[in-house]
>>> print(open('run_17.pdb').read())   # PDB, C-alpha atoms, pLDDT in the B column
ATOM      1  CA  MET A  10      20.268   3.193 -16.203  1.00 37.00           C
ATOM      2  CA  THR A  11      17.123   5.300 -16.492  1.00 45.00           C
ATOM      3  CA  LEU A  12      17.132   8.401 -14.317  1.00 47.00           C
ATOM      4  CA  THR A  13      14.102   8.738 -12.056  1.00 50.00           C
ATOM      5  CA  PRO A  14      12.514  12.218 -11.844  1.00 57.00           C
ATOM      6  CA  ILE A  15      11.674  13.976  -8.590  1.00 87.00           C
ATOM      7  CA  LYS A  16       9.259  11.707  -6.770  1.00 94.00           C
ATOM      8  CA  LEU A  17       6.897  11.630  -3.811  1.00 96.00           C
ATOM      9  CA  THR A  18       8.281  10.836  -0.385  1.00 95.00           C
ATOM     10  CA  PRO A  19       6.891   7.844   1.542  1.00 95.00           C
ATOM     11  CA  SER A  20       4.870  10.267   3.694  1.00 95.00           C
ATOM     12  CA  GLN A  21       3.336  11.861   0.609  1.00 96.00           C
ATOM     13  CA  MET A  22       2.435   8.464  -0.834  1.00 97.00           C
ATOM     14  CA  ALA A  23       0.821   7.529   2.477  1.00 96.00           C
ATOM     15  CA  TRP A  24      -1.092  10.837   2.533  1.00 96.00           C
ATOM     16  CA  ARG A  25      -2.438  10.214  -0.973  1.00 97.00           C
ATOM     17  CA  ALA A  26      -3.573   6.690  -0.104  1.00 97.00           C
ATOM     18  CA  ALA A  27      -5.324   7.944   3.034  1.00 96.00           C
ATOM     19  CA  GLN A  28      -7.516  10.280   0.962  1.00 97.00           C
ATOM     20  CA  ASP A  29      -9.299   7.303  -0.628  1.00 97.00           C
ATOM     21  CA  ILE A  30     -10.224   5.481   2.582  1.00 97.00           C
ATOM     22  CA  ALA A  31     -13.931   5.757   3.292  1.00 96.00           C
ATOM     23  CA  ASP A  32     -15.243   6.873   6.668  1.00 96.00           C
ATOM     24  CA  GLY A  33     -15.732   3.869   8.927  1.00 96.00           C
ATOM     25  CA  ALA A  34     -13.726   1.477   6.734  1.00 97.00           C
ATOM     26  CA  TYR A  35     -11.893  -1.413   8.392  1.00 97.00           C
ATOM     27  CA  VAL A  36      -8.295  -1.192   7.184  1.00 97.00           C
ATOM     28  CA  ASN A  37      -5.123  -3.235   7.623  1.00 96.00           C
ATOM     29  CA  LEU A  38      -1.828  -1.410   7.081  1.00 93.00           C
ATOM     30  CA  GLY A  39       1.188  -3.436   5.997  1.00 89.00           C
ATOM     31  CA  ILE A  40       4.672  -3.139   7.471  1.00 87.00           C
ATOM     32  CA  GLY A  41       6.838  -0.254   6.235  1.00 85.00           C
ATOM     33  CA  PHE A  42       5.516   2.666   4.158  1.00 87.00           C
ATOM     34  CA  PRO A  43       1.837   1.682   4.622  1.00 92.00           C
ATOM     35  CA  GLU A  44       2.045   2.112   8.407  1.00 90.00           C
ATOM     36  CA  MET A  45       2.240   5.888   7.866  1.00 91.00           C
ATOM     37  CA  VAL A  46      -1.268   5.995   6.387  1.00 93.00           C
ATOM     38  CA  ALA A  47      -2.668   6.123   9.948  1.00 90.00           C
ATOM     39  CA  LYS A  48      -1.198   9.647  10.347  1.00 89.00           C
ATOM     40  CA  PHE A  49      -3.122  11.174   7.468  1.00 93.00           C
ATOM     41  CA  GLN A  50      -6.827  10.572   7.899  1.00 90.00           C
ATOM     42  CA  PRO A  51      -8.795  13.408   6.246  1.00 92.00           C
ATOM     43  CA  PRO A  52     -10.836  15.679   8.546  1.00 91.00           C
ATOM     44  CA  GLY A  53     -14.308  14.309   9.196  1.00 92.00           C
ATOM     45  CA  ARG A  54     -13.323  10.747   8.331  1.00 93.00           C
ATOM     46  CA  GLU A  55     -12.164   7.970  10.623  1.00 92.00           C
ATOM     47  CA  ALA A  56     -10.852   4.604   9.514  1.00 94.00           C
ATOM     48  CA  ILE A  57     -10.755   1.668  11.933  1.00 96.00           C
ATOM     49  CA  PHE A  58      -7.270   0.206  11.711  1.00 95.00           C
ATOM     50  CA  HIS A  59      -6.620  -3.500  12.242  1.00 95.00           C
ATOM     51  CA  THR A  60      -3.349  -5.261  12.970  1.00 93.00           C
ATOM     52  CA  GLU A  61      -2.794  -9.020  12.769  1.00 91.00           C
ATOM     53  CA  ASN A  62      -1.364  -9.276  16.266  1.00 92.00           C
ATOM     54  CA  GLY A  63      -4.736  -8.405  17.756  1.00 93.00           C
ATOM     55  CA  ILE A  64      -5.724  -4.721  17.902  1.00 95.00           C
ATOM     56  CA  LEU A  65      -8.695  -3.053  16.217  1.00 96.00           C
ATOM     57  CA  GLY A  66      -9.082   0.719  16.361  1.00 94.00           C
ATOM     58  CA  PHE A  67      -5.534   1.923  17.027  1.00 91.00           C
ATOM     59  CA  GLY A  68      -4.297   5.421  16.206  1.00 87.00           C
ATOM     60  CA  GLU A  69      -1.138   6.978  14.812  1.00 83.00           C
ATOM     61  CA  ALA A  70       2.317   6.424  16.243  1.00 87.00           C
ATOM     62  CA  PRO A  71       3.051   8.120  19.579  1.00 91.00           C
ATOM     63  CA  ALA A  72       5.541  10.953  19.910  1.00 91.00           C
ATOM     64  CA  PRO A  73       9.156   9.844  20.360  1.00 93.00           C
ATOM     65  CA  GLY A  74       9.743   9.027  24.021  1.00 94.00           C
ATOM     66  CA  ALA A  75       6.036   8.463  24.706  1.00 94.00           C
ATOM     67  CA  GLU A  76       5.878   4.870  23.456  1.00 94.00           C
ATOM     68  CA  ASP A  77       4.221   2.108  25.446  1.00 94.00           C
ATOM     69  CA  TRP A  78       5.979  -1.012  24.153  1.00 95.00           C
ATOM     70  CA  ASP A  79       3.116  -3.222  25.286  1.00 93.00           C
ATOM     71  CA  LEU A  80       1.118  -1.541  22.498  1.00 93.00           C
ATOM     72  CA  ILE A  81       2.607  -2.450  19.126  1.00 92.00           C
ATOM     73  CA  ASN A  82       1.415  -3.334  15.646  1.00 90.00           C
ATOM     74  CA  ALA A  83       2.457  -6.333  13.554  1.00 87.00           C
ATOM     75  CA  GLY A  84       5.608  -4.502  12.487  1.00 85.00           C
ATOM     76  CA  LYS A  85       6.633  -4.073  16.151  1.00 90.00           C
ATOM     77  CA  LYS A  86       6.035  -0.310  15.930  1.00 90.00           C
ATOM     78  CA  ALA A  87       4.426   1.512  18.839  1.00 93.00           C
ATOM     79  CA  VAL A  88       0.827   2.638  18.368  1.00 92.00           C
ATOM     80  CA  THR A  89      -1.667   4.731  20.302  1.00 92.00           C
ATOM     81  CA  LEU A  90      -5.154   3.676  21.354  1.00 92.00           C
ATOM     82  CA  LYS A  91      -8.449   5.379  20.550  1.00 91.00           C
ATOM     83  CA  PRO A  92     -11.771   5.196  22.407  1.00 92.00           C
ATOM     84  CA  GLY A  93     -13.305   1.821  21.658  1.00 92.00           C
ATOM     85  CA  THR A  94     -10.051   0.049  20.786  1.00 95.00           C
ATOM     86  CA  ALA A  95     -10.426  -3.744  21.038  1.00 96.00           C
ATOM     87  CA  PHE A  96      -7.832  -6.414  21.835  1.00 95.00           C
ATOM     88  CA  PHE A  97      -8.182 -10.059  20.806  1.00 95.00           C
ATOM     89  CA  HIS A  98      -6.330 -13.304  20.159  1.00 94.00           C
ATOM     90  CA  HIS A  99      -4.098 -13.710  17.126  1.00 90.00           C
ATOM     91  CA  ALA A 100      -6.372 -16.469  15.834  1.00 94.00           C
ATOM     92  CA  ASP A 101      -9.424 -14.206  16.084  1.00 96.00           C
ATOM     93  CA  SER A 102      -7.507 -11.539  14.174  1.00 95.00           C
ATOM     94  CA  PHE A 103      -6.941 -13.918  11.279  1.00 94.00           C
ATOM     95  CA  ALA A 104     -10.570 -15.032  11.432  1.00 95.00           C
ATOM     96  CA  MET A 105     -11.450 -11.392  10.725  1.00 95.00           C
ATOM     97  CA  VAL A 106      -9.035 -11.352   7.773  1.00 95.00           C
ATOM     98  CA  ARG A 107     -10.060 -14.702   6.300  1.00 94.00           C
ATOM     99  CA  GLY A 108     -13.739 -14.055   6.945  1.00 95.00           C
ATOM    100  CA  GLY A 109     -13.810 -11.051   4.622  1.00 94.00           C
ATOM    101  CA  HIS A 110     -14.372  -8.463   7.352  1.00 96.00           C
ATOM    102  CA  LEU A 111     -11.680  -6.006   6.200  1.00 97.00           C
ATOM    103  CA  ASP A 112     -12.611  -3.388   3.626  1.00 98.00           C
ATOM    104  CA  VAL A 113      -9.074  -2.464   2.586  1.00 98.00           C
ATOM    105  CA  ALA A 114      -5.530  -3.798   2.945  1.00 97.00           C
ATOM    106  CA  ILE A 115      -2.683  -1.431   2.065  1.00 97.00           C
ATOM    107  CA  LEU A 116       0.593  -3.257   1.504  1.00 96.00           C
ATOM    108  CA  GLY A 117       4.099  -2.706   0.199  1.00 95.00           C
ATOM    109  CA  ALA A 118       5.413  -4.489  -2.887  1.00 95.00           C
ATOM    110  CA  TYR A 119       8.538  -5.750  -4.608  1.00 95.00           C
ATOM    111  CA  GLU A 120       6.606  -6.234  -7.868  1.00 98.00           C
ATOM    112  CA  VAL A 121       3.044  -5.817  -9.163  1.00 98.00           C
ATOM    113  CA  ALA A 122       1.821  -7.313 -12.438  1.00 98.00           C
ATOM    114  CA  GLU A 123      -0.743  -5.731 -14.743  1.00 98.00           C
ATOM    115  CA  THR A 124      -2.990  -8.699 -13.937  1.00 98.00           C
ATOM    116  CA  GLY A 125      -3.027  -7.631 -10.267  1.00 98.00           C
ATOM    117  CA  ASP A 126      -0.567 -10.297  -9.109  1.00 98.00           C
ATOM    118  CA  LEU A 127       1.519  -9.210  -6.118  1.00 97.00           C
ATOM    119  CA  ALA A 128       5.022 -10.217  -5.019  1.00 96.00           C
ATOM    120  CA  ASN A 129       5.966  -8.777  -1.631  1.00 93.00           C
ATOM    121  CA  TRP A 130       7.285 -11.560   0.608  1.00 89.00           C
ATOM    122  CA  SER A 131      10.551 -12.780  -0.972  1.00 84.00           C
ATOM    123  CA  THR A 132      13.254 -11.309  -3.190  1.00 79.00           C
ATOM    124  CA  GLY A 133      14.233 -14.736  -4.485  1.00 73.00           C
ATOM    125  CA  PRO A 134      16.448 -17.671  -3.443  1.00 72.00           C
ATOM    126  CA  LYS A 135      18.993 -15.458  -1.672  1.00 69.00           C
ATOM    127  CA  GLY A 136      16.397 -13.285   0.056  1.00 64.00           C
ATOM    128  CA  VAL A 137      15.090 -13.628   3.596  1.00 64.00           C
ATOM    129  CA  PRO A 138      11.429 -14.719   3.335  1.00 64.00           C
ATOM    130  CA  ALA A 139       8.925 -12.666   5.325  1.00 67.00           C
ATOM    131  CA  VAL A 140       5.456 -13.974   4.607  1.00 71.00           C
ATOM    132  CA  GLY A 141       3.646 -12.496   7.604  1.00 75.00           C
ATOM    133  CA  GLY A 142      -0.089 -12.185   7.104  1.00 85.00           C
ATOM    134  CA  ALA A 143       0.085 -10.836   3.549  1.00 91.00           C
ATOM    135  CA  MET A 144      -1.099 -14.021   1.834  1.00 92.00           C
ATOM    136  CA  ASP A 145      -4.217 -14.012   3.983  1.00 94.00           C
ATOM    137  CA  LEU A 146      -4.779 -10.279   3.605  1.00 95.00           C
ATOM    138  CA  VAL A 147      -4.639 -10.146  -0.189  1.00 95.00           C
ATOM    139  CA  HIS A 148      -7.410 -12.714  -0.480  1.00 94.00           C
ATOM    140  CA  GLY A 149      -9.434 -11.735   2.576  1.00 95.00           C
ATOM    141  CA  ALA A 150      -9.691  -7.944   2.164  1.00 96.00           C
ATOM    142  CA  LYS A 151     -12.335  -6.564  -0.184  1.00 97.00           C
ATOM    143  CA  GLN A 152      -9.815  -4.181  -1.775  1.00 97.00           C
ATOM    144  CA  VAL A 153      -6.020  -4.423  -1.901  1.00 98.00           C
ATOM    145  CA  ALA A 154      -3.946  -1.306  -2.507  1.00 98.00           C
ATOM    146  CA  VAL A 155      -0.180  -1.128  -2.892  1.00 98.00           C
ATOM    147  CA  LEU A 156       2.111   1.668  -1.695  1.00 97.00           C
ATOM    148  CA  THR A 157       5.503   1.507  -3.424  1.00 97.00           C
ATOM    149  CA  ASP A 158       8.315   3.305  -5.167  1.00 97.00           C
ATOM    150  CA  HIS A 159       7.667   3.194  -8.905  1.00 98.00           C
ATOM    151  CA  VAL A 160      11.113   1.720  -9.598  1.00 97.00           C
ATOM    152  CA  THR A 161      13.743  -0.229  -7.677  1.00 95.00           C
ATOM    153  CA  LYS A 162      16.834   1.382  -6.172  1.00 93.00           C
ATOM    154  CA  ASP A 163      18.718   0.702  -9.412  1.00 93.00           C
ATOM    155  CA  GLY A 164      15.965   2.167 -11.582  1.00 93.00           C
ATOM    156  CA  LYS A 165      14.249  -1.016 -12.787  1.00 96.00           C
ATOM    157  CA  PRO A 166      10.438  -1.095 -13.068  1.00 98.00           C
ATOM    158  CA  LYS A 167       8.453  -2.604 -10.213  1.00 98.00           C
ATOM    159  CA  LEU A 168       5.221  -2.532 -12.230  1.00 98.00           C
ATOM    160  CA  LEU A 169       5.497  -5.345 -14.764  1.00 98.00           C
ATOM    161  CA  GLN A 170       3.643  -7.479 -17.281  1.00 98.00           C
ATOM    162  CA  ARG A 171       4.366 -10.507 -15.099  1.00 98.00           C
ATOM    163  CA  CYS A 172       6.032 -10.808 -11.696  1.00 97.00           C
ATOM    164  CA  THR A 173       9.408 -12.505 -11.620  1.00 95.00           C
ATOM    165  CA  LEU A 174       9.536 -13.001  -7.837  1.00 94.00           C
ATOM    166  CA  PRO A 175       7.532 -15.514  -5.750  1.00 92.00           C
ATOM    167  CA  LEU A 176       3.887 -14.452  -5.612  1.00 95.00           C
ATOM    168  CA  THR A 177       1.982 -13.370  -2.533  1.00 95.00           C
ATOM    169  CA  GLY A 178      -1.339 -13.465  -4.355  1.00 96.00           C
ATOM    170  CA  VAL A 179      -2.881 -13.735  -7.812  1.00 97.00           C
ATOM    171  CA  ALA A 180      -5.123 -11.056  -9.341  1.00 97.00           C
ATOM    172  CA  CYS A 181      -5.559  -9.360  -5.973  1.00 97.00           C
ATOM    173  CA  VAL A 182      -4.298  -5.745  -6.330  1.00 98.00           C
ATOM    174  CA  THR A 183      -6.895  -3.124  -7.211  1.00 97.00           C
ATOM    175  CA  ARG A 184      -4.942   0.167  -6.947  1.00 98.00           C
ATOM    176  CA  ILE A 185      -1.292   1.256  -6.820  1.00 98.00           C
ATOM    177  CA  TYR A 186      -0.059   4.432  -5.118  1.00 98.00           C
ATOM    178  CA  SER A 187       3.468   4.829  -6.429  1.00 98.00           C
ATOM    179  CA  SER A 188       6.051   7.552  -5.980  1.00 97.00           C
ATOM    180  CA  LEU A 189       5.116   8.861  -9.449  1.00 98.00           C
ATOM    181  CA  ALA A 190       1.477   7.979 -10.137  1.00 98.00           C
ATOM    182  CA  VAL A 191      -1.845   6.497  -9.072  1.00 98.00           C
ATOM    183  CA  ILE A 192      -2.710   3.464 -11.184  1.00 98.00           C
ATOM    184  CA  ASP A 193      -5.710   1.154 -11.120  1.00 98.00           C
ATOM    185  CA  VAL A 194      -5.600  -2.524 -12.064  1.00 98.00           C
ATOM    186  CA  ASP A 195      -8.633  -2.982 -14.290  1.00 96.00           C
ATOM    187  CA  ARG A 196      -9.392  -6.099 -16.349  1.00 94.00           C
ATOM    188  CA  GLY A 197      -5.763  -7.143 -16.530  1.00 96.00           C
ATOM    189  CA  ARG A 198      -4.440  -3.679 -17.415  1.00 98.00           C
ATOM    190  CA  PHE A 199      -2.671  -0.802 -15.699  1.00 98.00           C
ATOM    191  CA  VAL A 200      -4.995   2.216 -16.035  1.00 98.00           C
ATOM    192  CA  LEU A 201      -3.353   5.565 -15.248  1.00 98.00           C
ATOM    193  CA  ARG A 202      -5.480   7.844 -13.037  1.00 98.00           C
ATOM    194  CA  GLU A 203      -2.991  10.447 -11.759  1.00 98.00           C
ATOM    195  CA  LYS A 204       0.651  11.338 -12.389  1.00 98.00           C
ATOM    196  CA  LEU A 205       3.106  13.999 -11.302  1.00 97.00           C
ATOM    197  CA  ALA A 206       2.605  17.105 -13.404  1.00 95.00           C
ATOM    198  CA  SER A 207       6.367  17.363 -13.978  1.00 93.00           C
ATOM    199  CA  LEU A 208       6.429  13.944 -15.632  1.00 95.00           C
ATOM    200  CA  SER A 209       5.231  13.331 -19.189  1.00 96.00           C
ATOM    201  CA  PHE A 210       3.171  10.268 -20.038  1.00 97.00           C
ATOM    202  CA  ASP A 211       5.998   8.948 -22.220  1.00 97.00           C
ATOM    203  CA  ASP A 212       8.546   9.363 -19.421  1.00 96.00           C
ATOM    204  CA  LEU A 213       6.265   7.541 -16.988  1.00 97.00           C
ATOM    205  CA  GLN A 214       5.721   4.765 -19.518  1.00 98.00           C
ATOM    206  CA  ALA A 215       9.489   4.387 -19.887  1.00 97.00           C
ATOM    207  CA  LEU A 216       9.709   3.725 -16.138  1.00 97.00           C
ATOM    208  CA  THR A 217       6.898   1.147 -16.215  1.00 98.00           C
ATOM    209  CA  GLY A 218       7.382  -2.457 -17.277  1.00 98.00           C
ATOM    210  CA  ALA A 219       3.910  -2.875 -18.793  1.00 98.00           C
ATOM    211  CA  THR A 220       1.631  -0.757 -20.962  1.00 98.00           C
ATOM    212  CA  LEU A 221      -0.162   2.117 -19.242  1.00 98.00           C
ATOM    213  CA  HIS A 222      -3.707   2.550 -20.501  1.00 98.00           C
ATOM    214  CA  LEU A 223      -5.840   5.692 -20.469  1.00 97.00           C
ATOM    215  CA  ASP A 224      -9.525   5.658 -19.589  1.00 94.00           C
ATOM    216  CA  GLY A 225     -10.492   9.314 -19.490  1.00 92.00           C
ATOM    217  CA  PRO A 226      -8.510  12.345 -18.286  1.00 94.00           C
ATOM    218  CA  VAL A 227      -5.389  11.864 -16.171  1.00 97.00           C
ATOM    219  CA  ALA A 228      -5.345  14.160 -13.130  1.00 97.00           C
ATOM    220  CA  ASP A 229      -2.245  15.774 -11.663  1.00 96.00           C
ATOM    221  CA  LEU A 230      -0.956  13.881  -8.633  1.00 97.00           C
ATOM    222  CA  THR A 231      -0.986  16.724  -6.108  1.00 94.00           C
ATOM    223  CA  VAL A 232       0.116  16.290  -2.483  1.00 95.00           C
ATOM    224  CA  PRO A 233       1.111  18.661   0.323  1.00 93.00           C
ATOM    225  CA  GLU A 234       4.655  19.230   1.531  1.00 91.00           C
ATOM    226  CA  LEU A 235       5.098  16.857   4.459  1.00 85.00           C
TER     227      LEU A 235
END
>>> encode(input="run_17.pdb", output="structure tokens")
Amino acid sequence: MTLTPIKLTPSQMAWRAAQDIADGAYVNLGIGFPEMVAKFQPPGREAIFHTENGILGFGEAPAPGAEDWDLINAGKKAVTLKPGTAFFHHADSFAMVRGGHLDVAILGAYEVAETGDLANWSTGPKGVPAVGGAMDLVHGAKQVAVLTDHVTKDGKPKLLQRCTLPLTGVACVTRIYSSLAVIDVDRGRFVLREKLASLSFDDLQALTGATLHLDGPVADLTVPEL
């Protein structure tokens, strides 16, 4: 089994993804790691977060003990409200998704293919399926980013030539924020943009199940201690 080097925490991955969200963007955050992105908006920028169960404009999670359990996101996590927050019917929420009104969707993943295919709803015949709104999101949002560990718990690559698990969407992922690198999906290729300074290109390639391509300098993946 390949040993994985020191990697980013989920909070650090979420922080890095938050740095690329434009001011005023309409953003859906998937269940799990992506939910933390709401905590890390850069100063001077404000994203408008959307959740499929019918809230637009919610804020970060409340402090422990301060939750209002009438105010939850699609992952049943408590959220806070911001001035101008809107509530609406579940059907209207999906009309926003399917109508192309979201700028970005940030989702988790079991596998991502170099073609941009995404598998994130089932781990196979013995898994518990959890489709949620992901199939709508990956084809309704203008950009789809993935937040994920670079490898599985047993060290196998999650970034592959082709997905082996049931697909959520085809050719939909545009950028991957992994625990080791930032990678774009560009014309059916994984293009490396940033990596941990402690990790060589060859070591990163050994942990990736498809060829990593270079298109200019690769920056150090630098994040704060969180």
>>> resolve_selection(input="run_17.pdb", expression="the PyMOL selection byres ((chain A and resi 229) around 8)", output="ChimeraX atom specification")
/A:203-206,227-228,230-231
>>> closest_atom_pairs(input="run_17.pdb", of="stretch 61-159 of chain A", to="stretch 22-32 of chain A", cutoff="12 Å", atoms="only C-alpha atoms", output="JSON lines")
{"residue": "A:Asp112", "atom": "CA", "partner": "A:Ile30", "partner_atom": "CA", "distance": 9.2}
{"residue": "A:Val113", "atom": "CA", "partner": "A:Ile30", "partner_atom": "CA", "distance": 8.0}
{"residue": "A:Ala114", "atom": "CA", "partner": "A:Ile30", "partner_atom": "CA", "distance": 10.4}
{"residue": "A:Ile115", "atom": "CA", "partner": "A:Ala26", "partner_atom": "CA", "distance": 8.5}
{"residue": "A:Leu116", "atom": "CA", "partner": "A:Ala23", "partner_atom": "CA", "distance": 10.8}
{"residue": "A:Gly117", "atom": "CA", "partner": "A:Ala23", "partner_atom": "CA", "distance": 11.0}
{"residue": "A:Gln152", "atom": "CA", "partner": "A:Ile30", "partner_atom": "CA", "distance": 10.6}
{"residue": "A:Val153", "atom": "CA", "partner": "A:Ala26", "partner_atom": "CA", "distance": 11.5}
{"residue": "A:Ala154", "atom": "CA", "partner": "A:Ala26", "partner_atom": "CA", "distance": 8.4}
{"residue": "A:Val155", "atom": "CA", "partner": "A:Ala26", "partner_atom": "CA", "distance": 9.0}
{"residue": "A:Leu156", "atom": "CA", "partner": "A:Met22", "partner_atom": "CA", "distance": 6.9}
{"residue": "A:Thr157", "atom": "CA", "partner": "A:Met22", "partner_atom": "CA", "distance": 8.0}
{"residue": "A:Asp158", "atom": "CA", "partner": "A:Met22", "partner_atom": "CA", "distance": 8.9}
{"residue": "A:His159", "atom": "CA", "partner": "A:Met22", "partner_atom": "CA", "distance": 11.0}
>>> resolve_selection(input="run_17.pdb", expression="the PyMOL selection byres ((chain A and resi 214) around 12)", output="ChimeraX atom specification")
/A:11,13,159-160,166,168-169,189-190,192,199-201,204,208-213,215-223
>>> closest_residue(input="run_17.pdb", among="A:Gly164, A:Leu174, A:His99, A:His110", to="A:Thr132", atoms="only C-alpha atoms")
A:Leu174
>>> closest_residue(input="run_17.pdb", among="A:Gly108, A:Thr177, A:Tyr186, A:Gln170", to="A:Trp130", atoms="all atoms listed in the file")
A:Thr177
>>> closest_residue(input="run_17.pdb", among="A:Leu111, A:Leu176, A:Gln50, A:Lys16", to="A:Val140", atoms="only C-alpha atoms")
A:Leu176
>>> closest_residue(input="run_17.pdb", among="A:Val147, A:Ala118, A:Met45, A:Leu65", to="A:Ser187", atoms="only C-alpha atoms")
A:Ala118
>>> residues_around(input="run_17.pdb", residues="A:Thr89", least_positions_apart="3", cutoff="10 Å", atoms="all atoms listed in the file", output="list in words")
Gly66, Phe67, Gly68, Glu69, Ala70, Pro71, Ala72, Ala75, Glu76, Asp77, Leu80, Ile81, Asn82 and Thr94 of chain A
>>> closest_residue(input="run_17.pdb", among="A:Gly33, A:Pro92, A:Gly39, A:Gly141", to="A:Gly53", atoms="all atoms listed in the file")
A:Gly33
>>> closest_residue(input="run_17.pdb", among="A:Ser102, A:Ser207, A:Thr60, A:Ser131", to="A:Thr173", atoms="all atoms listed in the file")
A:Ser131
>>> resolve_selection(input="run_17.pdb", expression="the PyMOL selection byres ((chain A and resi 182) around 9)", output="ChimeraX atom specification")
/A:121-122,124-127,147,152-155,178-181,183-185,193-194
>>> atom_distance(input="run_17.pdb", atom1="atom CA of A:Arg54", atom2="atom CA of A:Phe42")
20.9 Å
>>> atom_distance(input="run_17.pdb", atom1="atom CA of A:Leu235", atom2="atom CA of A:Ser20")
6.6 Å
>>> atom_distance(input="run_17.pdb", atom1="atom CA of A:Gly225", atom2="atom CA of A:Ala34")
27.6 Å
>>> decode(input="run_17.pdb", residues="stretch 51-74 of chain A", atoms="C-alpha atoms", output="tab-separated table (two decimals), in the first residue's frame")
chain	number	residue	atom	x	y	z
A	51	PRO	CA	-12.32	36.02	2.01
A	52	PRO	CA	-12.61	39.56	3.41
A	53	GLY	CA	-14.45	41.88	1.05
A	54	ARG	CA	-16.20	39.04	-0.76
A	55	GLU	CA	-19.62	37.54	-0.12
A	56	ALA	CA	-21.02	34.45	-1.78
A	57	ILE	CA	-24.76	33.77	-1.76
A	58	PHE	CA	-25.19	30.19	-0.61
A	59	HIS	CA	-28.07	28.03	-1.83
A	60	THR	CA	-29.41	24.80	-0.37
A	61	GLU	CA	-31.82	22.44	-2.12
A	62	ASN	CA	-34.29	22.39	0.74
A	63	GLY	CA	-35.15	26.02	0.12
A	64	ILE	CA	-32.81	28.68	1.55
A	65	LEU	CA	-30.82	31.28	-0.37
A	66	GLY	CA	-28.34	33.50	1.46
A	67	PHE	CA	-27.54	31.50	4.59
A	68	GLY	CA	-24.37	31.95	6.64
A	69	GLU	CA	-21.92	29.71	8.46
A	70	ALA	CA	-22.89	27.18	11.09
A	71	PRO	CA	-23.98	28.58	14.46
A	72	ALA	CA	-21.93	28.11	17.61
A	73	PRO	CA	-22.58	24.83	19.44
A	74	GLY	CA	-25.66	25.23	21.62
